[in-house]
Structures are given as structure tokens and as C-alpha cells.
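Shown next: final_19.txt, containing compact mmCIF, C-alpha atoms.
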# COMPACT_ATOMS: atom_id res chain seq x y z
CA MET A 1099 20.98 15.91 -11.43
CA GLU A 1100 18.67 13.04 -12.35
CA THR A 1101 16.08 13.59 -15.05
CA ILE A 1102 12.53 12.39 -14.43
CA ASP A 1103 13.19 9.28 -16.54
CA GLU A 1104 16.30 8.39 -14.51
CA LYS A 1105 14.64 8.75 -11.13
CA LYS A 1106 13.30 5.68 -9.41
CA VAL A 1107 9.53 5.44 -9.73
CA ALA A 1108 7.06 4.30 -7.10
CA ILE A 1109 3.33 3.75 -7.46
CA VAL A 1110 1.30 4.16 -4.27
CA THR A 1111 -2.37 3.22 -4.43
CA GLY A 1112 -4.84 4.96 -2.17
CA ALA A 1113 -2.31 7.76 -1.71
CA SER A 1114 -4.70 10.66 -1.19
CA ARG A 1115 -4.80 10.28 2.59
CA GLY A 1116 -3.61 8.44 5.68
CA ILE A 1117 -0.91 5.80 5.36
CA GLY A 1118 -0.89 6.13 1.57
CA ARG A 1119 -0.15 9.85 1.70
CA ALA A 1120 2.49 9.41 4.39
CA THR A 1121 4.13 6.68 2.31
CA ALA A 1122 4.19 8.86 -0.79
CA VAL A 1123 5.93 11.60 1.17
CA GLU A 1124 8.46 9.23 2.76
CA LEU A 1125 9.38 7.79 -0.64
CA ALA A 1126 9.68 11.31 -2.03
CA LYS A 1127 12.20 12.12 0.71
CA THR A 1128 14.46 9.40 -0.66
CA GLY A 1129 14.19 10.71 -4.21
CA TYR A 1130 11.44 8.62 -5.79
CA HIS A 1131 9.12 10.06 -8.39
CA VAL A 1132 5.78 9.10 -6.82
CA VAL A 1133 2.71 8.13 -8.81
CA ILE A 1134 -0.18 9.11 -6.54
CA ASN A 1135 -3.25 6.97 -7.15
CA TYR A 1136 -6.66 8.06 -5.92
CA ASN A 1137 -10.26 7.11 -6.63
CA ALA A 1138 -12.46 9.72 -4.97
CA SER A 1139 -10.96 13.05 -3.89
CA GLU A 1140 -8.87 14.96 -6.42
CA ALA A 1141 -8.31 17.74 -3.88
CA ALA A 1142 -6.86 15.27 -1.38
CA ALA A 1143 -4.59 13.78 -4.05
CA ALA A 1144 -3.44 17.29 -4.96
CA GLU A 1145 -2.53 17.87 -1.32
CA THR A 1146 -0.44 14.68 -1.38
CA LEU A 1147 1.34 15.93 -4.50
CA LYS A 1148 2.01 19.24 -2.78
CA GLN A 1149 3.60 17.43 0.16
CA VAL A 1150 5.65 15.22 -2.18
CA GLU A 1151 7.03 18.33 -3.88
CA GLN A 1152 7.71 19.96 -0.51
CA ALA A 1153 9.71 16.84 0.36
CA GLY A 1154 11.98 17.66 -2.57
CA SER A 1155 10.81 15.27 -5.26
CA THR A 1156 8.29 15.01 -8.09
CA GLY A 1157 4.98 13.26 -8.48
CA THR A 1158 2.10 12.45 -10.77
CA ILE A 1159 -1.58 12.16 -9.88
CA LEU A 1160 -3.37 9.23 -11.50
CA LYS A 1161 -7.07 8.54 -10.94
CA PHE A 1162 -8.33 4.97 -11.29
CA ASN A 1163 -10.09 2.30 -9.28
CA VAL A 1164 -7.85 -0.63 -8.37
CA THR A 1165 -10.85 -2.97 -8.62
CA ASP A 1166 -11.05 -2.24 -12.36
CA ASN A 1167 -8.60 -4.61 -14.04
CA GLU A 1168 -8.48 -2.72 -17.34
CA ALA A 1169 -8.06 0.66 -15.64
CA ALA A 1170 -5.23 -0.65 -13.46
CA ALA A 1171 -3.46 -2.18 -16.46
CA GLN A 1172 -3.83 1.07 -18.40
CA ALA A 1173 -2.44 3.04 -15.47
CA VAL A 1174 0.65 0.84 -15.35
CA LYS A 1175 1.03 1.20 -19.11
CA THR A 1176 0.80 4.99 -18.79
CA VAL A 1177 3.51 5.04 -16.14
CA MET A 1178 5.78 2.84 -18.23
CA GLU A 1179 5.29 4.94 -21.35
CA LYS A 1180 6.31 8.07 -19.47
CA HIS A 1181 9.01 6.81 -17.12
CA LYS A 1182 10.22 3.51 -18.66
CA ARG A 1183 10.48 1.92 -15.20
CA ILE A 1184 8.61 1.01 -12.03
CA ASP A 1185 10.84 0.31 -9.05
CA VAL A 1186 8.29 0.13 -6.25
CA LEU A 1187 4.62 -0.72 -5.89
CA VAL A 1188 2.80 -0.03 -2.63
CA ASN A 1189 -0.63 -1.68 -2.53
CA ASN A 1190 -2.33 0.52 0.03
CA ALA A 1191 -5.87 1.01 -1.30
CA GLY A 1192 -8.46 -0.54 0.97
CA ILE A 1193 -11.90 0.00 2.46
CA THR A 1194 -13.95 -1.16 5.42
CA ALA A 1195 -17.61 -2.15 5.64
CA ASP A 1196 -17.91 -3.48 9.17
CA GLY A 1197 -20.87 -5.37 10.52
CA LEU A 1198 -21.85 -8.59 12.22
CA PHE A 1199 -21.53 -11.51 9.83
CA LEU A 1200 -25.21 -12.51 10.03
CA MET A 1201 -26.20 -8.96 9.13
CA MET A 1202 -23.53 -8.50 6.44
CA GLY A 1203 -24.84 -8.19 2.92
CA GLU A 1204 -23.16 -9.53 -0.20
CA GLU A 1205 -22.14 -6.01 -1.20
CA GLU A 1206 -20.36 -5.35 2.10
CA TRP A 1207 -18.60 -8.69 1.88
CA GLY A 1208 -17.66 -8.43 -1.77
CA SER A 1209 -16.58 -4.79 -1.90
CA VAL A 1210 -13.97 -5.22 0.83
CA LEU A 1211 -12.50 -8.39 -0.67
CA ASN A 1212 -12.65 -6.88 -4.15
CA THR A 1213 -10.68 -3.78 -3.19
CA THR A 1214 -8.03 -5.60 -1.19
CA LEU A 1215 -7.55 -8.88 -3.06
CA ASN A 1216 -8.62 -8.07 -6.62
CA GLY A 1217 -6.88 -4.71 -6.21
CA PHE A 1218 -3.69 -6.57 -5.29
CA TYR A 1219 -4.03 -8.82 -8.34
CA ASN A 1220 -4.97 -6.02 -10.74
CA MET A 1221 -2.03 -3.84 -9.76
CA THR A 1222 0.66 -6.37 -8.96
CA LYS A 1223 0.41 -8.49 -12.10
CA PRO A 1224 1.13 -5.76 -14.68
CA VAL A 1225 3.75 -4.15 -12.46
CA LEU A 1226 5.43 -7.49 -11.88
CA ARG A 1227 5.77 -8.05 -15.63
CA GLU A 1228 7.83 -4.87 -15.85
CA MET A 1229 9.90 -5.72 -12.79
CA VAL A 1230 10.69 -9.18 -14.17
CA ARG A 1231 12.13 -7.58 -17.29
CA ARG A 1232 14.51 -5.51 -15.16
CA LYS A 1233 15.04 -8.32 -12.62
CA ARG A 1234 14.55 -6.01 -9.67
CA GLY A 1235 11.83 -4.27 -7.70
CA SER A 1236 10.01 -4.12 -4.40
CA ILE A 1237 6.31 -4.69 -3.76
CA VAL A 1238 4.87 -3.81 -0.36
CA SER A 1239 1.22 -4.31 0.53
CA VAL A 1240 -0.58 -2.78 3.49
CA SER A 1241 -2.48 -5.36 5.50
CA SER A 1242 -3.74 -5.07 9.08
CA ILE A 1243 -3.29 -6.61 12.49
CA SER A 1244 -6.89 -7.76 11.93
CA SER A 1245 -5.47 -10.38 9.57
CA MET A 1246 -3.87 -12.07 12.60
CA MET A 1247 -6.10 -10.93 15.46
CA PRO A 1248 -9.56 -10.67 13.90
CA ASN A 1249 -12.02 -8.24 15.43
CA ARG A 1250 -15.72 -8.77 16.02
CA GLY A 1251 -17.68 -7.35 13.10
CA GLN A 1252 -14.81 -7.50 10.62
CA ALA A 1253 -15.11 -10.92 9.01
CA ASN A 1254 -14.82 -9.39 5.54
CA TYR A 1255 -11.90 -7.12 6.39
CA SER A 1256 -10.01 -9.79 8.33
CA ALA A 1257 -10.49 -12.33 5.52
CA ALA A 1258 -9.33 -9.86 2.88
CA LYS A 1259 -6.20 -8.85 4.78
CA ALA A 1260 -5.33 -12.45 5.71
CA GLY A 1261 -5.64 -13.34 2.03
CA LEU A 1262 -3.35 -10.44 1.17
CA ASN A 1263 -0.72 -11.79 3.58
CA ALA A 1264 -0.89 -15.27 2.06
CA ALA A 1265 -0.89 -14.07 -1.55
CA SER A 1266 2.12 -11.85 -0.90
CA ARG A 1267 4.14 -14.60 0.78
CA SER A 1268 3.35 -17.02 -2.03
CA LEU A 1269 4.36 -14.47 -4.66
CA ALA A 1270 7.55 -13.68 -2.74
CA ALA A 1271 8.60 -17.32 -3.04
CA GLU A 1272 7.95 -17.25 -6.79
CA VAL A 1273 10.01 -14.17 -7.64
CA ALA A 1274 12.79 -14.09 -5.03
CA ARG A 1275 15.36 -15.66 -7.38
CA ILE A 1276 14.60 -13.02 -9.99
CA GLY A 1277 15.59 -10.21 -7.63
CA ILE A 1278 12.10 -8.99 -6.71
CA ARG A 1279 11.07 -8.66 -3.09
CA VAL A 1280 7.48 -8.87 -1.83
CA ASN A 1281 6.55 -7.93 1.72
CA VAL A 1282 3.59 -6.86 3.83
CA VAL A 1283 3.17 -4.28 6.58
CA ALA A 1284 0.36 -4.98 9.05
CA PRO A 1285 -0.50 -1.85 11.05
CA GLY A 1286 -2.41 -1.86 14.30
CA ILE A 1287 -4.57 1.08 15.34
CA ILE A 1288 -3.32 4.08 13.37
CA GLU A 1289 -4.77 7.58 13.55
CA THR A 1290 -6.37 7.94 10.10
CA ASP A 1291 -9.78 8.71 8.61
CA MET A 1292 -10.50 4.98 8.64
CA THR A 1293 -10.20 4.83 12.43
CA SER A 1294 -11.93 8.16 13.13
CA ALA A 1295 -15.09 6.39 14.36
CA ILE A 1296 -13.19 4.16 16.80
CA PRO A 1297 -13.06 5.25 20.47
CA LEU A 1298 -9.29 5.68 20.47
CA GLU A 1299 -9.04 6.48 24.18
CA ASP A 1300 -10.47 3.04 24.96
CA MET A 1301 -8.13 1.40 22.46
CA LYS A 1302 -5.06 2.95 24.09
CA LYS A 1303 -5.69 0.81 27.17
CA MET A 1304 -5.07 -2.31 25.06
CA ILE A 1305 -1.79 -1.07 23.57
CA PRO A 1306 1.44 -1.58 25.56
CA MET A 1307 2.81 1.73 24.27
CA ALA A 1308 -0.42 3.39 25.51
CA ARG A 1309 -1.02 5.34 22.31
CA VAL A 1310 -2.23 4.88 18.78
CA GLY A 1311 0.19 4.99 15.89
CA LYS A 1312 0.75 7.70 13.32
CA PRO A 1313 0.65 7.15 9.54
CA GLU A 1314 4.27 8.29 9.31
CA GLU A 1315 5.37 5.50 11.63
CA VAL A 1316 3.93 2.92 9.24
CA ALA A 1317 5.22 4.78 6.20
CA ARG A 1318 8.79 4.69 7.47
CA VAL A 1319 8.64 0.90 7.71
CA ILE A 1320 7.29 0.74 4.16
CA ARG A 1321 10.08 3.04 2.99
CA PHE A 1322 12.64 0.75 4.62
CA LEU A 1323 11.21 -2.35 2.94
CA CYS A 1324 11.37 -0.57 -0.42
CA SER A 1325 15.02 0.34 0.07
CA ASP A 1326 18.24 -1.56 -0.56
CA ASP A 1327 18.69 -1.66 3.23
CA ALA A 1328 16.04 -4.41 3.17
CA SER A 1329 17.77 -6.34 0.39
CA TYR A 1330 17.56 -9.68 2.24
CA ILE A 1331 13.97 -9.32 3.43
CA THR A 1332 11.15 -10.89 1.44
CA GLY A 1333 8.00 -12.87 2.14
CA GLN A 1334 7.55 -11.19 5.52
CA VAL A 1335 4.59 -9.64 7.33
CA ILE A 1336 5.92 -6.82 9.50
CA VAL A 1337 3.58 -5.82 12.32
CA VAL A 1338 3.49 -2.17 13.40
CA ASN A 1339 1.12 -2.00 16.36
CA GLY A 1340 2.75 -0.58 19.48
CA GLY A 1341 3.45 -3.94 21.05
CA VAL A 1342 0.06 -5.66 20.97
CA CYS A 1343 0.62 -9.44 21.13
Please re-express this file's structure in C-alpha cells.
Amino acid sequence: METIDEKKVAIVTGASRGIGRATAVELAKTGYHVVINYNASEAAAAETLKQVEQAGSTGTILKFNVTDNEAAAQAVKTVMEKHKRIDVLVNNAGITADGLFLMMGEEEWGSVLNTTLNGFYNMTKPVLREMVRRKRGSIVSVSSISSMMPNRGQANYSAAKAGLNAASRSLAAEVARIGIRVNVVAPGIIETDMTSAIPLEDMKKMIPMARVGKPEEVARVIRFLCSDDASYITGQVIVVNGGVC
């Protein structure tokens, strides 16, 4: 039986709910020790840990804000000190602050870009240093279909997610020869807390599959991209949206 230090280790940001929680559980099913990042709700993170353990693996809860460069670097250092390895990073943390562009304040604009893009930088850079040393690893970031099909009132969110796509593809080209893969998953309308205010019945009419997605359906794609089954896939943006073109 593997010891905790021998198990593969995955960090999932924003793992206290939604797609992040589902991803943590999916990775746990394949034997990863999952580092569960959260920023707000300790109780929700504890529920994720419970589900990770029910899936047959182990986990650690780690509170920090991905927008804080020093806190993110310290978190990665803490994981390395305990486990000596990081095999997977899932950049899932993100927020919305929707509004018409002319009415959008600097805070609404900046907070969304800060969480998505600076969060990507703050987490990926220190993790990448460790992956380069081992010459292997998988980084998957969670974008959105809004990065390709922008919605009214989401200029900040669409810009942030489009930037995440571009940054990931550029990084993938830089580290492919080293043995590190970098990909993106772009979900459509998924039933999470973030979409709770959206009239989902109306949205279903726009989706060829006539339903919204579930977090687990996105998480299974992320799990695949993290696995050796995706060993020849890098620099890609995989859309999971029920057939919307």
C-alpha cells in the first residue's frame, strides 16, 4: 500500500464547492492525495474532504487566497515540505461580478481578472518550478464557454477566461518538451452555486442536449486530462457545454 508521500498529489483551487469539489472527488477516486484549497467556507471545504475520503483516498484542507502571491507560494511550499511532490494542479478558483460595461466599476473589473489571471500566475509559477525538477506534471485550468462566446454583461469574466486560455496555451508550448502538459476545460452552463441566479429553464432551450451540465461531467474531463490516458494532449481548450456551437 502506498504511503502518503508515495501517492500522487493534486492541488485543486476553489475546491470547496461546485466543479472544484467534484474534481477533488474524481481525482480521489483514482488515488490522488488531494489538497483542497478554499478561501471562504471552512465547513464547505470540510465537506469536500469528507467526500474525498469516502472516495477512498486522503486529502488536506488548505486555506489561502489565490490572489495573494505570497500566500500561494507558501501554500505550495507547505505541500512540497509534506509530500515532496506535486503531480497535478487544477486552477479552478474564480468569481463573477456581472454588469453592463458602462456601469462596471474598477473593483468589479479588477477582482474578476485578479482571481482568474493573477490566481493562475500565483499558483502555476511555484508549482511549475517543482514539476520542472521532476520533468512531469499536468496543469488544468477551468475557463468558460464565455471566453469564446461572450455574454452580455460579462466583459470582465469573458476577458479573464479568454486570457486564461491564451496564457495556458502559451505555457503549454514552453514546457511540452520537458514532459509537462497544460490544458484548459471550458464548461458551458453547469448547475453550480455560480449559476443559481440564472433562469436555467430558459437556458435549456439554447442547449442541443436540452439540459444543463453537472459538475461531475466537467470533473471527469479534468480527471482525464490529468491522467496518463491524455499523455499526448497539451495546449488544448476542451469545451464541455452540451453541444452549443
Query raised in the report: Nearest to A:Thr1165 among A:Thr1290, A:Glu1228, A:Lys1180, A:Gly1112, with distances taken over all atoms listed in the file: which residue is it?
Result: A:Gly1112
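Applying the 9 Å criterion to (8.7, -9.4, -5.6) in file coordinates and using only C-alpha atoms, one obtains the residues Leu1226, Met1229, Val1230, Arg1234, Gly1235, Ser1236, Ile1237, Val1238, Ser1266, Leu1269, Ala1270, Ala1271, Glu1272, Val1273, Ala1274, Ile1276, Gly1277, Ile1278, Arg1279, Val1280, Asn1281, Thr1332 and Gly1333 of chain A.
Separating atom CA of A:Glu1289 from atom CA of A:Leu1125 is a distance of 20.0 Å.
Contact shell of stretch 1301-1315 of chain A at 6 Å (all atoms listed in the file; same-chain neighbours under 6 positions omitted): A:Gly1116, A:Ile1117, A:Ala1120, A:Ile1287, A:Ile1288, A:Glu1289, A:Gly1340, A:Gly1341, A:Val1342.
Closest to A:Val1282 among A:Ile1336, A:Val1225, A:Ala1328, A:Ala1173 is A:Ile1336, based on only C-alpha atoms.
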Report summary line: From the list A:Ser1329, A:Thr1121, A:Gln1252, A:Asn1135, the nearest residue to A:Glu1206 using only C-alpha atoms is A:Gln1252
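Comparing A:Lys1106, A:Lys1127, A:Lys1175, A:Arg1119 by their smallest distance to A:Gln1152, the closest is A:Lys1127 (using all atoms listed in the file).
Comparing the minimum interatomic distances between A:Met1246 and each of A:Gln1172, A:Asn1339, A:Thr1213, A:Asn1220, counting all atoms listed in the file, we find that A:Asn1339 sits nearest.
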Requested in this report: Extract, using only C-alpha atoms, all DNA, RNA and protein residues at most 12 Å from A:Asn1163, discarding same-chain residues fewer than 5 positions from it, and format them as a PyMOL selection string.
Outcome: chain A and resi 1111-1112+1135-1138+1168-1173+1191-1192+1212-1214+1216-1218+1220-1221
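Distances to A:Gly1251 were evaluated for A:Ser1268, A:Ser1325, A:Thr1222, A:Thr1194 using only C-alpha atoms, and the minimum falls at A:Thr1194.
With only the atoms specified (all atoms listed in the file) counting, those residues at most 10 Å away from (5.5, -3.3, 8.8) are Val1238, Ser1239, Val1240, Ser1241, Ser1242, Asn1281, Val1282, Val1283, Ala1284, Pro1285, Gly1286, Glu1315, Val1316, Ala1317, Arg1318, Val1319, Ile1320, Arg1321, Phe1322, Leu1323, Gln1334, Val1335, Ile1336, Val1337, Val1338 and Asn1339 of chain A.
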Query raised in the report: What is the distance between atom CA of A:Ser1139 and atom CA of A:Leu1187, in Å to one decimal?
Result: 20.9 Å
Query raised in the report: Any idea what's packed within 9 Å of A:Thr1158, counting only C-alpha atoms, ignoring anything in its chain fewer than 6 positions away? Could you give it as JSON, numbers by chain?
Result: {"A": [1131, 1132, 1133, 1134, 1135, 1147]}
